[in-house]
$ cat upload_38.pdb   # PDB, C-alpha atoms
ATOM      1  CA  MET R   1       0.000   0.000   0.000
ATOM      2  CA  THR R   2       1.284   3.467  -0.762
ATOM      3  CA  ALA R   3       1.660   6.162   1.841
ATOM      4  CA  PRO R   4      -1.472   8.239   2.424
ATOM      5  CA  LEU R   5      -1.745  11.692   0.995
ATOM      6  CA  HIS R   6      -1.917  14.603   3.386
ATOM      7  CA  ARG R   7      -3.202  18.034   2.551
ATOM      8  CA  ALA R   8      -0.427  20.633   2.491
ATOM      9  CA  PRO R   9      -1.109  24.159   3.694
ATOM     10  CA  ARG R  10      -2.254  26.392   0.852
ATOM     11  CA  SER R  11       0.194  28.963  -0.422
ATOM     12  CA  ASP R  12       0.421  31.509  -3.211
ATOM     13  CA  SER R  13       2.152  28.923  -5.382
ATOM     14  CA  ASP R  14      -0.973  26.726  -5.265
ATOM     15  CA  THR R  15      -2.957  29.205  -7.346
ATOM     16  CA  ILE R  16      -1.454  27.710 -10.521
ATOM     17  CA  ARG R  17      -2.693  24.162 -10.564
ATOM     18  CA  ALA R  18      -1.370  20.893 -11.902
ATOM     19  CA  LYS R  19      -2.447  20.119 -15.458
ATOM     20  CA  THR R  20      -3.838  16.651 -14.675
ATOM     21  CA  LEU R  21      -4.968  14.643 -11.676
ATOM     22  CA  ARG R  22      -2.150  12.158 -12.118
ATOM     23  CA  GLY R  23       0.315  15.030 -11.985
ATOM     24  CA  LEU R  24      -1.384  16.359  -8.863
ATOM     25  CA  ILE R  25      -1.321  12.976  -7.121
ATOM     26  CA  LEU R  26       2.367  12.568  -7.957
ATOM     27  CA  ALA R  27       3.147  16.038  -6.609
ATOM     28  CA  ARG R  28       1.184  15.499  -3.413
ATOM     29  CA  ARG R  29       2.943  12.193  -2.724
ATOM     30  CA  LEU R  30       6.353  13.768  -3.212
ATOM     31  CA  ASP R  31       5.471  16.814  -1.131
ATOM     32  CA  THR R  32       4.116  14.620   1.684
ATOM     33  CA  ALA R  33       7.413  12.703   1.728
ATOM     34  CA  ARG R  34       9.366  15.984   1.696
ATOM     35  CA  ARG R  35       7.486  17.325   4.702
ATOM     36  CA  ARG R  36       7.766  14.031   6.550
ATOM     37  CA  ARG R  37      11.563  14.120   6.172
ATOM     38  CA  GLY R  38      11.726  17.767   7.274
ATOM     39  CA  TYR R  39      13.121  19.186   4.040
ATOM     40  CA  THR R  40      12.429  22.759   3.035
ATOM     41  CA  THR R  41      12.023  23.396  -0.680
ATOM     42  CA  ARG R  42      15.327  25.296  -0.697
ATOM     43  CA  LYS R  43      17.241  22.548   1.112
ATOM     44  CA  LEU R  44      15.836  19.868  -1.177
ATOM     45  CA  ALA R  45      16.722  21.971  -4.215
ATOM     46  CA  GLY R  46      20.319  22.191  -3.033
ATOM     47  CA  GLU R  47      20.551  18.416  -2.532
ATOM     48  CA  MET R  48      19.036  17.813  -5.978
ATOM     49  CA  SER R  49      21.136  20.476  -7.763
ATOM     50  CA  MET R  50      17.912  22.096  -8.914
ATOM     51  CA  SER R  51      16.600  25.607  -8.462
ATOM     52  CA  ALA R  52      14.151  26.202  -5.613
ATOM     53  CA  ALA R  53      11.614  27.415  -8.183
ATOM     54  CA  MET R  54      11.887  24.147 -10.115
ATOM     55  CA  VAL R  55      11.441  22.035  -6.969
ATOM     56  CA  ASN R  56       8.434  24.165  -6.051
ATOM     57  CA  ARG R  57       6.915  23.462  -9.457
ATOM     58  CA  VAL R  58       7.448  19.727  -8.934
ATOM     59  CA  MET R  59       5.901  19.808  -5.457
ATOM     60  CA  THR R  60       2.816  21.681  -6.678
ATOM     61  CA  GLY R  61       2.295  19.551  -9.791
ATOM     62  CA  ARG R  62       3.097  22.245 -12.327
ATOM     63  CA  ARG R  63       6.112  20.277 -13.559
ATOM     64  CA  VAL R  64       6.371  16.495 -13.915
ATOM     65  CA  PRO R  65       9.789  15.256 -12.751
ATOM     66  CA  THR R  66      11.868  13.012 -14.982
ATOM     67  CA  ALA R  67      12.494   9.396 -14.033
ATOM     68  CA  LEU R  68      16.036  10.373 -13.014
ATOM     69  CA  GLU R  69      14.712  13.150 -10.769
ATOM     70  CA  ILE R  70      12.190  10.801  -9.182
ATOM     71  CA  GLY R  71      15.021   8.383  -8.422
ATOM     72  CA  GLY R  72      17.002  11.132  -6.723
ATOM     73  CA  LEU R  73      14.007  12.390  -4.771
ATOM     74  CA  CYS R  74      13.117   8.881  -3.627
ATOM     75  CA  ALA R  75      16.656   8.323  -2.363
ATOM     76  CA  LEU R  76      16.793  11.631  -0.493
ATOM     77  CA  LEU R  77      13.300  11.327   0.934
ATOM     78  CA  ASP R  78      13.710   7.650   1.867
ATOM     79  CA  ILE R  79      10.676   6.518  -0.113
ATOM     80  CA  ARG R  80      10.122   2.764  -0.003
ATOM     81  CA  PRO R  81      10.804   0.739  -3.182
ATOM     82  CA  ASP R  82       7.168  -0.308  -3.645
ATOM     83  CA  HIS R  83       6.076   3.329  -3.306
ATOM     84  CA  ARG R  84       8.667   4.374  -5.869
ATOM     85  CA  GLN R  85       7.072   2.217  -8.537
ATOM     86  CA  VAL R  86       3.793   4.072  -8.034
ATOM     87  CA  LEU R  87       5.581   7.398  -8.552
ATOM     88  CA  TYR R  88       7.298   6.188 -11.722
ATOM     89  CA  ARG R  89       3.939   5.048 -13.148
ATOM     90  CA  LEU R  90       2.274   8.346 -12.306
ATOM     91  CA  ALA R  91       5.087  10.292 -13.981
ATOM     92  CA  ALA R  92       4.995   8.110 -17.087
ATOM     93  CA  THR R  93       1.224   8.657 -17.482
ATOM     94  CA  ALA R  94       1.000  12.222 -16.128
ATOM     95  CA  ASP R  95      -0.413  13.649 -19.360
ATOM     96  CA  ARG R  96      -3.332  11.175 -19.463
ATOM     97  CA  THR R  97      -6.811  12.238 -18.382
ATOM     98  CA  ASP R  98      -8.669   8.964 -18.975
ATOM     99  CA  TRP R  99      -9.458   6.911 -15.897
ATOM    100  CA  ILE R 100     -11.028   3.447 -16.123
ATOM    101  CA  ILE R 101     -10.274   1.590 -12.906
ATOM    102  CA  ARG R 102     -11.154  -2.065 -12.441
ATOM    103  CA  HIS R 103     -11.685  -3.036  -8.830
ATOM    104  CA  GLY R 104      -9.811  -6.009  -7.464
ATOM    105  CA  HIS R 105      -6.575  -5.342  -9.361
ATOM    106  CA  ASP R 106      -3.290  -5.508  -7.529
ATOM    107  CA  GLY R 107      -1.740  -2.238  -6.412
ATOM    108  CA  PRO R 108      -3.039   1.006  -4.939
ATOM    109  CA  ASP R 109      -6.549   2.253  -5.658
ATOM    110  CA  PRO R 110      -6.373   5.646  -7.439
ATOM    111  CA  VAL R 111      -9.866   6.500  -6.176
ATOM    112  CA  ARG R 112      -8.472   6.613  -2.621
ATOM    113  CA  ASP R 113      -5.850   9.109  -3.796
ATOM    114  CA  LEU R 114      -8.561  11.281  -5.318
ATOM    115  CA  GLU R 115     -10.619  11.139  -2.125
ATOM    116  CA  ALA R 116      -7.590  12.283  -0.145
ATOM    117  CA  LEU R 117      -7.125  15.261  -2.483
ATOM    118  CA  ALA R 118     -10.770  16.345  -2.256
ATOM    119  CA  THR R 119     -12.056  19.010   0.100
ATOM    120  CA  THR R 120     -15.694  17.994  -0.463
ATOM    121  CA  ILE R 121     -17.208  14.789  -1.871
ATOM    122  CA  THR R 122     -20.879  14.952  -2.879
ATOM    123  CA  THR R 123     -22.710  11.714  -3.674
ATOM    124  CA  TYR R 124     -26.036  11.250  -5.417
ATOM    125  CA  GLU R 125     -27.903   7.981  -5.957
ATOM    126  CA  PRO R 126     -31.462   8.268  -7.290
ATOM    127  CA  ASP R 127     -32.978   4.994  -6.079
ATOM    128  CA  LEU R 128     -30.978   3.719  -3.080
ATOM    129  CA  LEU R 129     -29.111   5.144  -0.139
ATOM    130  CA  PRO R 130     -25.414   5.564  -0.980
ATOM    131  CA  ALA R 131     -23.341   2.648   0.293
ATOM    132  CA  ALA R 132     -21.577   4.704   2.969
ATOM    133  CA  LEU R 133     -24.935   5.466   4.644
ATOM    134  CA  ARG R 134     -26.368   1.950   4.641
ATOM    135  CA  THR R 135     -26.754  -0.369   7.565
ATOM    136  CA  PRO R 136     -25.735  -3.977   6.781
ATOM    137  CA  ALA R 137     -29.397  -5.018   6.998
ATOM    138  CA  TYR R 138     -30.450  -2.359   4.477
ATOM    139  CA  HIS R 139     -27.583  -3.309   2.175
ATOM    140  CA  HIS R 140     -28.529  -6.985   2.179
ATOM    141  CA  ALA R 141     -32.279  -6.291   1.929
ATOM    142  CA  THR R 142     -31.696  -4.299  -1.267
ATOM    143  CA  ARG R 143     -29.783  -7.281  -2.702
ATOM    144  CA  GLN R 144     -26.616  -5.381  -3.496
ATOM    145  CA  PRO R 145     -23.936  -7.619  -5.037
ATOM    146  CA  ARG R 146     -20.824  -6.445  -3.190
ATOM    147  CA  GLU R 147     -19.976  -6.437   0.489
ATOM    148  CA  LEU R 148     -20.728  -3.226   2.305
ATOM    149  CA  GLU R 149     -17.658  -1.000   2.554
ATOM    150  CA  ARG R 150     -17.220   1.678   5.187
ATOM    151  CA  PRO R 151     -15.428   4.931   4.274
ATOM    152  CA  GLU R 152     -12.264   6.006   6.006
ATOM    153  CA  PRO R 153     -12.749   8.506   8.870
ATOM    154  CA  ASP R 154     -11.190  11.422   6.982
ATOM    155  CA  THR R 155     -13.486  10.746   4.027
ATOM    156  CA  ARG R 156     -16.547  10.788   6.281
ATOM    157  CA  ARG R 157     -15.738  14.300   7.455
ATOM    158  CA  LYS R 158     -15.766  15.709   3.917
ATOM    159  CA  SER R 159     -18.703  13.731   2.487
ATOM    160  CA  VAL R 160     -22.212  15.027   1.747
ATOM    161  CA  TYR R 161     -25.014  12.788   0.462
ATOM    162  CA  LEU R 162     -27.998  14.012  -1.560
ATOM    163  CA  VAL R 163     -30.905  11.661  -0.841
ATOM    164  CA  PRO R 164     -34.324  11.820  -2.577
ATOM    165  CA  ALA R 165     -37.220  11.585  -0.100
ATOM    166  CA  ARG R 166     -38.616   8.602  -2.035
ATOM    167  CA  VAL R 167     -35.539   6.591  -1.008
ATOM    168  CA  LEU R 168     -36.051   7.189   2.716
ATOM    169  CA  ASP R 169     -39.487   5.558   2.900
ATOM    170  CA  ASP R 170     -38.987   2.651   0.524
ATOM    171  CA  HIS R 171     -41.974   0.454   1.476
ATOM    172  CA  ASP R 172     -40.569  -2.517  -0.420
ATOM    173  CA  LEU R 173     -38.232  -3.055   2.541
ATOM    174  CA  PRO R 174     -39.219  -4.642   5.889
ATOM    175  CA  GLY R 175     -40.340  -2.073   8.451
ATOM    176  CA  GLU R 176     -37.649  -3.007  10.962
ATOM    177  CA  VAL R 177     -34.966  -2.528   8.309
ATOM    178  CA  ARG R 178     -36.283   0.924   7.401
ATOM    179  CA  GLN R 179     -36.571   1.894  11.072
ATOM    180  CA  ALA R 180     -32.998   0.842  11.865
ATOM    181  CA  GLN R 181     -31.744   2.649   8.782
ATOM    182  CA  LEU R 182     -33.501   5.901   9.726
ATOM    183  CA  ARG R 183     -32.081   5.746  13.247
ATOM    184  CA  HIS R 184     -28.646   5.207  11.737
ATOM    185  CA  LEU R 185     -29.059   8.359   9.631
ATOM    186  CA  LEU R 186     -30.259  10.319  12.659
ATOM    187  CA  ALA R 187     -26.894   9.679  14.329
ATOM    188  CA  GLU R 188     -25.201  11.907  11.704
ATOM    189  CA  PRO R 189     -27.897  14.064  10.085
ATOM    190  CA  GLN R 190     -25.389  16.702   8.955
ATOM    191  CA  ARG R 191     -24.105  14.321   6.292
ATOM    192  CA  VAL R 192     -27.507  14.068   4.543
ATOM    193  CA  ARG R 193     -29.382  16.619   2.436
ATOM    194  CA  VAL R 194     -32.903  15.521   1.543
ATOM    195  CA  LEU R 195     -34.219  16.123  -1.981
ATOM    196  CA  PRO R 196     -37.867  16.247  -3.130
ATOM    197  CA  ARG R 197     -39.419  13.017  -4.355
ATOM    198  CA  SER R 198     -39.405  14.529  -7.829
ATOM    199  CA  ALA R 199     -35.592  14.811  -7.932
ATOM    200  CA  PRO R 200     -34.180  13.669 -11.313
ATOM    201  CA  ARG R 201     -33.578   9.946 -11.759
ATOM    202  CA  GLN R 202     -30.144  10.399 -13.287
ATOM    203  CA  SER R 203     -27.407   7.796 -12.952
ATOM    204  CA  ALA R 204     -25.577   7.764  -9.626
ATOM    205  CA  PHE R 205     -22.417   9.827  -9.381
ATOM    206  CA  ARG R 206     -19.974  11.502  -7.025
ATOM    207  CA  VAL R 207     -18.390  14.915  -7.503
ATOM    208  CA  LEU R 208     -15.035  15.519  -5.848
ATOM    209  CA  GLU R 209     -14.084  19.148  -5.350
ATOM    210  CA  ILE R 210     -10.336  19.754  -5.143
ATOM    211  CA  ASP R 211      -8.597  23.041  -4.424
ATOM    212  CA  ASN R 212      -7.422  24.799  -7.607
ATOM    213  CA  PHE R 213      -8.771  22.053  -9.864
ATOM    214  CA  PRO R 214     -12.077  21.712 -11.756
ATOM    215  CA  PRO R 215     -14.707  19.367 -10.270
ATOM    216  CA  VAL R 216     -13.949  15.685 -10.786
ATOM    217  CA  VAL R 217     -16.741  13.181 -11.484
ATOM    218  CA  HIS R 218     -16.572   9.590 -10.233
ATOM    219  CA  ILE R 219     -19.024   6.984 -11.564
ATOM    220  CA  GLU R 220     -19.117   3.355 -10.430
ATOM    221  CA  HIS R 221     -20.427   0.674 -12.756
ATOM    222  CA  HIS R 222     -20.404  -2.822 -11.275
ATOM    223  CA  THR R 223     -16.699  -3.617 -10.763
ATOM    224  CA  THR R 224     -15.368  -0.614 -12.666
ATOM    225  CA  SER R 225     -14.859   3.029 -11.740
ATOM    226  CA  ILE R 226     -14.813   5.815 -14.304
ATOM    227  CA  VAL R 227     -13.244   9.153 -13.361
ATOM    228  CA  LEU R 228     -13.836  12.228 -15.497
ATOM    229  CA  GLU R 229     -11.512  15.196 -15.053
ATOM    230  CA  ARG R 230     -11.713  17.145 -18.324
ATOM    231  CA  ALA R 231     -14.095  20.093 -18.191
ATOM    232  CA  ASP R 232     -15.787  19.041 -21.441
ATOM    233  CA  SER R 233     -16.770  15.712 -19.855
ATOM    234  CA  THR R 234     -17.843  17.025 -16.427
ATOM    235  CA  THR R 235     -19.892  20.103 -17.349
ATOM    236  CA  ALA R 236     -23.253  18.308 -17.529
ATOM    237  CA  THR R 237     -22.773  16.572 -14.177
ATOM    238  CA  ALA R 238     -21.583  19.780 -12.517
ATOM    239  CA  ALA R 239     -24.722  21.531 -13.790
ATOM    240  CA  LEU R 240     -26.914  18.704 -12.462
ATOM    241  CA  LEU R 241     -25.198  18.911  -9.081
ATOM    242  CA  ALA R 242     -25.923  22.641  -8.927
ATOM    243  CA  GLU R 243     -29.594  21.898  -9.691
ATOM    244  CA  LEU R 244     -29.755  19.226  -6.973
ATOM    245  CA  ARG R 245     -28.106  21.472  -4.412
ATOM    246  CA  ALA R 246     -30.722  24.134  -5.156
ATOM    247  CA  LEU R 247     -33.502  21.574  -4.606
ATOM    248  CA  ALA R 248     -32.060  20.153  -1.376
ATOM    249  CA  ARG R 249     -33.778  20.942   1.904
ATOM    250  CA  PRO R 250     -31.735  23.011   4.372
ATOM    251  CA  GLU R 251     -29.509  21.008   6.694
ATOM    252  CA  ARG R 252     -31.541  22.031   9.762
ATOM    253  CA  ASP R 253     -34.612  20.267   8.310
ATOM    254  CA  THR R 254     -32.937  16.874   7.962
ATOM    255  CA  THR R 255     -33.456  15.729  11.550
ATOM    256  CA  THR R 256     -37.143  16.690  11.450
ATOM    257  CA  ILE R 257     -37.695  14.840   8.174
ATOM    258  CA  LEU R 258     -36.001  11.675   9.446
ATOM    259  CA  ARG R 259     -37.901  11.719  12.758
ATOM    260  CA  ASP R 260     -41.212  12.258  10.995
ATOM    261  CA  LEU R 261     -40.573   9.154   8.877
ATOM    262  CA  LEU R 262     -39.866   6.890  11.874
ATOM    263  CA  PRO R 263     -43.533   6.254  12.809
ATOM    264  CA  LEU R 264     -44.280   5.409   9.173
ATOM    265  CA  SER R 265     -41.560   2.757   9.365
ATOM    266  CA  GLY R 266     -42.874   1.190  12.541
ATOM    267  CA  GLY R 267     -40.649   3.169  14.917
ATOM    268  CA  ALA R 268     -41.653   4.584  18.251
TER     269      ALA R 268
END
$ encode --input "upload_38.pdb" --output "structure tokens"
Amino acid sequence: MTAPLHRAPRSDSDTIRAKTLRGLILARRLDTARRRRGYTTRKLAGEMSMSAAMVNRVMTGRRVPTALEIGGLCALLDIRPDHRQVLYRLAATADRTDWIIRHGHDGPDPVRDLEALATTITTYEPDLLPAALRTPAYHHATRQPRELERPEPDTRRKSVYLVPARVLDDHDLPGEVRQAQLRHLLAEPQRVRVLPRSAPRQSAFRVLEIDNFPPVVHIEHHTTSIVLERADSTTATAALLAELRALARPERDTTTILRDLLPLSGGA
């Protein structure tokens, strides 16, 4: 497993963004290692025989390092051999913007890298509760094919879920399952924004918002993830998200809505 990404403090140099997500992931991994080893940009530049400005461009994703430079950085920053291979692959494909990720492959999951980069992750599913909100009983009652996965704690803090009201009172499910699910949602109502029953029945998606980068769209289809980062491929989804956000009930209403549904589900 590769080392986790950590968000670096924002600076003036961050206002010019990396050209691609792969370039940004590469830069963030290198910058995390630099900070962990206690190197300033200037000190690292001296060790690498590079200018401080060039190292800064590498650490912010505005310049993709060569394979030789990655080797030198890995040696100085004591990056493990298995992590180095990830960096080499990112550098070799840094100009690519197509992402088709098949789950179950060996190696790190790029979606986890993208989640770590995001400041906000908004999820919309038109007909079911998103997986991260489900109780095991709800998940199994809806006959979902894969095991229920729980998000990492840092992902939970940045996640918002847009939930159509029709999903919350699905009468095709046993009453005790619906009741337990509603109580589960009531434990963290700030994560849920309720939409009208008439909310569009578009395909499920997630939008990841990253500092100094256009919105990124993540779509899961069975065992495959598709990530869209080019503006020409994300515009329609970004517009739909804006529409859904405008339709969503205010956060303060969520608890009331969930409590009102409990008696209808057989709750006390």
$ resolve_selection --input "upload_38.pdb" --expression "the PyMOL selection byres ((chain R and resi 56-60) around 10)" --output "ChimeraX atom specification"
/R:8,11,13-18,23-32,34,41-42,44-45,51-55,61-65,69
$ resolve_selection --input "upload_38.pdb" --expression "the PyMOL selection byres ((chain R and resi 88-99) around 8)" --output "PyMOL selection string"
chain R and resi 19-23+25-26+64-67+70+84-87+100-101+225-230
$ write_last_selection --input "upload_38.pdb" --atoms "C-alpha atoms" --output "PDB file, in the frame of the given file"
ATOM      1  CA  LYS R  19      -2.447  20.119 -15.458  1.00  0.00           C
ATOM      2  CA  THR R  20      -3.838  16.651 -14.675  1.00  0.00           C
ATOM      3  CA  LEU R  21      -4.968  14.643 -11.676  1.00  0.00           C
ATOM      4  CA  ARG R  22      -2.150  12.158 -12.118  1.00  0.00           C
ATOM      5  CA  GLY R  23       0.315  15.030 -11.985  1.00  0.00           C
ATOM      6  CA  ILE R  25      -1.321  12.976  -7.121  1.00  0.00           C
ATOM      7  CA  LEU R  26       2.367  12.568  -7.957  1.00  0.00           C
ATOM      8  CA  VAL R  64       6.371  16.495 -13.915  1.00  0.00           C
ATOM      9  CA  PRO R  65       9.789  15.256 -12.751  1.00  0.00           C
ATOM     10  CA  THR R  66      11.868  13.012 -14.982  1.00  0.00           C
ATOM     11  CA  ALA R  67      12.494   9.396 -14.033  1.00  0.00           C
ATOM     12  CA  ILE R  70      12.190  10.801  -9.182  1.00  0.00           C
ATOM     13  CA  ARG R  84       8.667   4.374  -5.869  1.00  0.00           C
ATOM     14  CA  GLN R  85       7.072   2.217  -8.537  1.00  0.00           C
ATOM     15  CA  VAL R  86       3.793   4.072  -8.034  1.00  0.00           C
ATOM     16  CA  LEU R  87       5.581   7.398  -8.552  1.00  0.00           C
ATOM     17  CA  ILE R 100     -11.028   3.447 -16.123  1.00  0.00           C
ATOM     18  CA  ILE R 101     -10.274   1.590 -12.906  1.00  0.00           C
ATOM     19  CA  SER R 225     -14.859   3.029 -11.740  1.00  0.00           C
ATOM     20  CA  ILE R 226     -14.813   5.815 -14.304  1.00  0.00           C
ATOM     21  CA  VAL R 227     -13.244   9.153 -13.361  1.00  0.00           C
ATOM     22  CA  LEU R 228     -13.836  12.228 -15.497  1.00  0.00           C
ATOM     23  CA  GLU R 229     -11.512  15.196 -15.053  1.00  0.00           C
ATOM     24  CA  ARG R 230     -11.713  17.145 -18.324  1.00  0.00           C
TER      25      ARG R 230
END
$ resolve_selection --input "upload_38.pdb" --expression "the PyMOL selection byres ((chain R and resi 217) around 12)" --output "ChimeraX atom specification"
/R:21,98-99,111,114-115,118,121-124,204-210,214-216,218-220,225-241
$ axis_aligned_box --input "upload_38.pdb" --around "stretch 127-137 of chain R" --padding-each-side "6 Å" --output "AutoDock Vina command-line options"
--center_x -27.3 --center_y 0.3 --center_z 0.7 --size_x 23.4 --size_y 22.6 --size_z 25.6
$ atom_distance --input "upload_38.pdb" --atom1 "atom CA of R:Asp113" --atom2 "atom CA of R:Thr40"
23.8 Å
$ build_atoms --input "upload_38.pdb" --residues "stretch 232-258 of chain R" --atoms "N, CA and C atoms" --output "PDB file, in the frame of the given file"
ATOM      1  N   ASP R 232     -14.778  19.345 -20.428  1.00  0.00           N
ATOM      2  CA  ASP R 232     -15.787  19.041 -21.441  1.00  0.00           C
ATOM      3  C   ASP R 232     -16.573  17.776 -21.119  1.00  0.00           C
ATOM      4  N   SER R 233     -16.061  16.939 -20.217  1.00  0.00           N
ATOM      5  CA  SER R 233     -16.770  15.712 -19.855  1.00  0.00           C
ATOM      6  C   SER R 233     -17.470  15.807 -18.503  1.00  0.00           C
ATOM      7  N   THR R 234     -17.245  16.887 -17.755  1.00  0.00           N
ATOM      8  CA  THR R 234     -17.843  17.025 -16.427  1.00  0.00           C
ATOM      9  C   THR R 234     -18.884  18.136 -16.348  1.00  0.00           C
ATOM     10  N   THR R 235     -19.004  18.940 -17.398  1.00  0.00           N
ATOM     11  CA  THR R 235     -19.892  20.103 -17.349  1.00  0.00           C
ATOM     12  C   THR R 235     -21.335  19.726 -17.051  1.00  0.00           C
ATOM     13  N   ALA R 236     -21.852  18.691 -17.719  1.00  0.00           N
ATOM     14  CA  ALA R 236     -23.253  18.308 -17.529  1.00  0.00           C
ATOM     15  C   ALA R 236     -23.507  17.841 -16.097  1.00  0.00           C
ATOM     16  N   THR R 237     -22.595  17.051 -15.547  1.00  0.00           N
ATOM     17  CA  THR R 237     -22.773  16.572 -14.177  1.00  0.00           C
ATOM     18  C   THR R 237     -22.652  17.706 -13.176  1.00  0.00           C
ATOM     19  N   ALA R 238     -21.721  18.627 -13.409  1.00  0.00           N
ATOM     20  CA  ALA R 238     -21.583  19.780 -12.517  1.00  0.00           C
ATOM     21  C   ALA R 238     -22.856  20.623 -12.526  1.00  0.00           C
ATOM     22  N   ALA R 239     -23.477  20.775 -13.701  1.00  0.00           N
ATOM     23  CA  ALA R 239     -24.722  21.531 -13.790  1.00  0.00           C
ATOM     24  C   ALA R 239     -25.856  20.814 -13.052  1.00  0.00           C
ATOM     25  N   LEU R 240     -25.900  19.479 -13.177  1.00  0.00           N
ATOM     26  CA  LEU R 240     -26.914  18.704 -12.462  1.00  0.00           C
ATOM     27  C   LEU R 240     -26.711  18.816 -10.952  1.00  0.00           C
ATOM     28  N   LEU R 241     -25.471  18.771 -10.511  1.00  0.00           N
ATOM     29  CA  LEU R 241     -25.198  18.911  -9.081  1.00  0.00           C
ATOM     30  C   LEU R 241     -25.683  20.268  -8.568  1.00  0.00           C
ATOM     31  N   ALA R 242     -25.450  21.316  -9.329  1.00  0.00           N
ATOM     32  CA  ALA R 242     -25.923  22.641  -8.927  1.00  0.00           C
ATOM     33  C   ALA R 242     -27.451  22.658  -8.810  1.00  0.00           C
ATOM     34  N   GLU R 243     -28.128  21.980  -9.738  1.00  0.00           N
ATOM     35  CA  GLU R 243     -29.594  21.898  -9.691  1.00  0.00           C
ATOM     36  C   GLU R 243     -30.051  21.146  -8.445  1.00  0.00           C
ATOM     37  N   LEU R 244     -29.377  20.023  -8.138  1.00  0.00           N
ATOM     38  CA  LEU R 244     -29.755  19.226  -6.973  1.00  0.00           C
ATOM     39  C   LEU R 244     -29.502  19.985  -5.668  1.00  0.00           C
ATOM     40  N   ARG R 245     -28.395  20.693  -5.614  1.00  0.00           N
ATOM     41  CA  ARG R 245     -28.106  21.472  -4.412  1.00  0.00           C
ATOM     42  C   ARG R 245     -29.176  22.541  -4.185  1.00  0.00           C
ATOM     43  N   ALA R 246     -29.677  23.123  -5.273  1.00  0.00           N
ATOM     44  CA  ALA R 246     -30.722  24.134  -5.156  1.00  0.00           C
ATOM     45  C   ALA R 246     -32.036  23.521  -4.670  1.00  0.00           C
ATOM     46  N   LEU R 247     -32.280  22.262  -5.018  1.00  0.00           N
ATOM     47  CA  LEU R 247     -33.502  21.574  -4.606  1.00  0.00           C
ATOM     48  C   LEU R 247     -33.431  21.044  -3.174  1.00  0.00           C
ATOM     49  N   ALA R 248     -32.237  20.811  -2.665  1.00  0.00           N
ATOM     50  CA  ALA R 248     -32.060  20.153  -1.376  1.00  0.00           C
ATOM     51  C   ALA R 248     -32.652  20.975  -0.238  1.00  0.00           C
ATOM     52  N   ARG R 249     -33.259  20.272   0.720  1.00  0.00           N
ATOM     53  CA  ARG R 249     -33.778  20.942   1.904  1.00  0.00           C
ATOM     54  C   ARG R 249     -32.621  21.430   2.765  1.00  0.00           C
ATOM     55  N   PRO R 250     -32.807  22.515   3.499  1.00  0.00           N
ATOM     56  CA  PRO R 250     -31.735  23.011   4.372  1.00  0.00           C
ATOM     57  C   PRO R 250     -31.303  21.954   5.381  1.00  0.00           C
ATOM     58  N   GLU R 251     -30.059  22.003   5.780  1.00  0.00           N
ATOM     59  CA  GLU R 251     -29.509  21.008   6.694  1.00  0.00           C
ATOM     60  C   GLU R 251     -30.322  20.913   7.986  1.00  0.00           C
ATOM     61  N   ARG R 252     -30.817  22.038   8.489  1.00  0.00           N
ATOM     62  CA  ARG R 252     -31.541  22.031   9.762  1.00  0.00           C
ATOM     63  C   ARG R 252     -32.843  21.238   9.688  1.00  0.00           C
ATOM     64  N   ASP R 253     -33.363  21.013   8.457  1.00  0.00           N
ATOM     65  CA  ASP R 253     -34.612  20.267   8.310  1.00  0.00           C
ATOM     66  C   ASP R 253     -34.413  18.759   8.297  1.00  0.00           C
ATOM     67  N   THR R 254     -33.183  18.298   8.145  1.00  0.00           N
ATOM     68  CA  THR R 254     -32.937  16.874   7.962  1.00  0.00           C
ATOM     69  C   THR R 254     -33.424  16.049   9.152  1.00  0.00           C
ATOM     70  N   THR R 255     -33.066  16.483  10.363  1.00  0.00           N
ATOM     71  CA  THR R 255     -33.456  15.729  11.550  1.00  0.00           C
ATOM     72  C   THR R 255     -34.969  15.616  11.647  1.00  0.00           C
ATOM     73  N   THR R 256     -35.674  16.708  11.388  1.00  0.00           N
ATOM     74  CA  THR R 256     -37.143  16.690  11.450  1.00  0.00           C
ATOM     75  C   THR R 256     -37.726  15.714  10.441  1.00  0.00           C
ATOM     76  N   ILE R 257     -37.196  15.744   9.224  1.00  0.00           N
ATOM     77  CA  ILE R 257     -37.695  14.840   8.174  1.00  0.00           C
ATOM     78  C   ILE R 257     -37.480  13.388   8.567  1.00  0.00           C
ATOM     79  N   LEU R 258     -36.308  13.056   9.075  1.00  0.00           N
ATOM     80  CA  LEU R 258     -36.001  11.675   9.446  1.00  0.00           C
ATOM     81  C   LEU R 258     -36.871  11.220  10.620  1.00  0.00           C
TER      82      LEU R 258
END
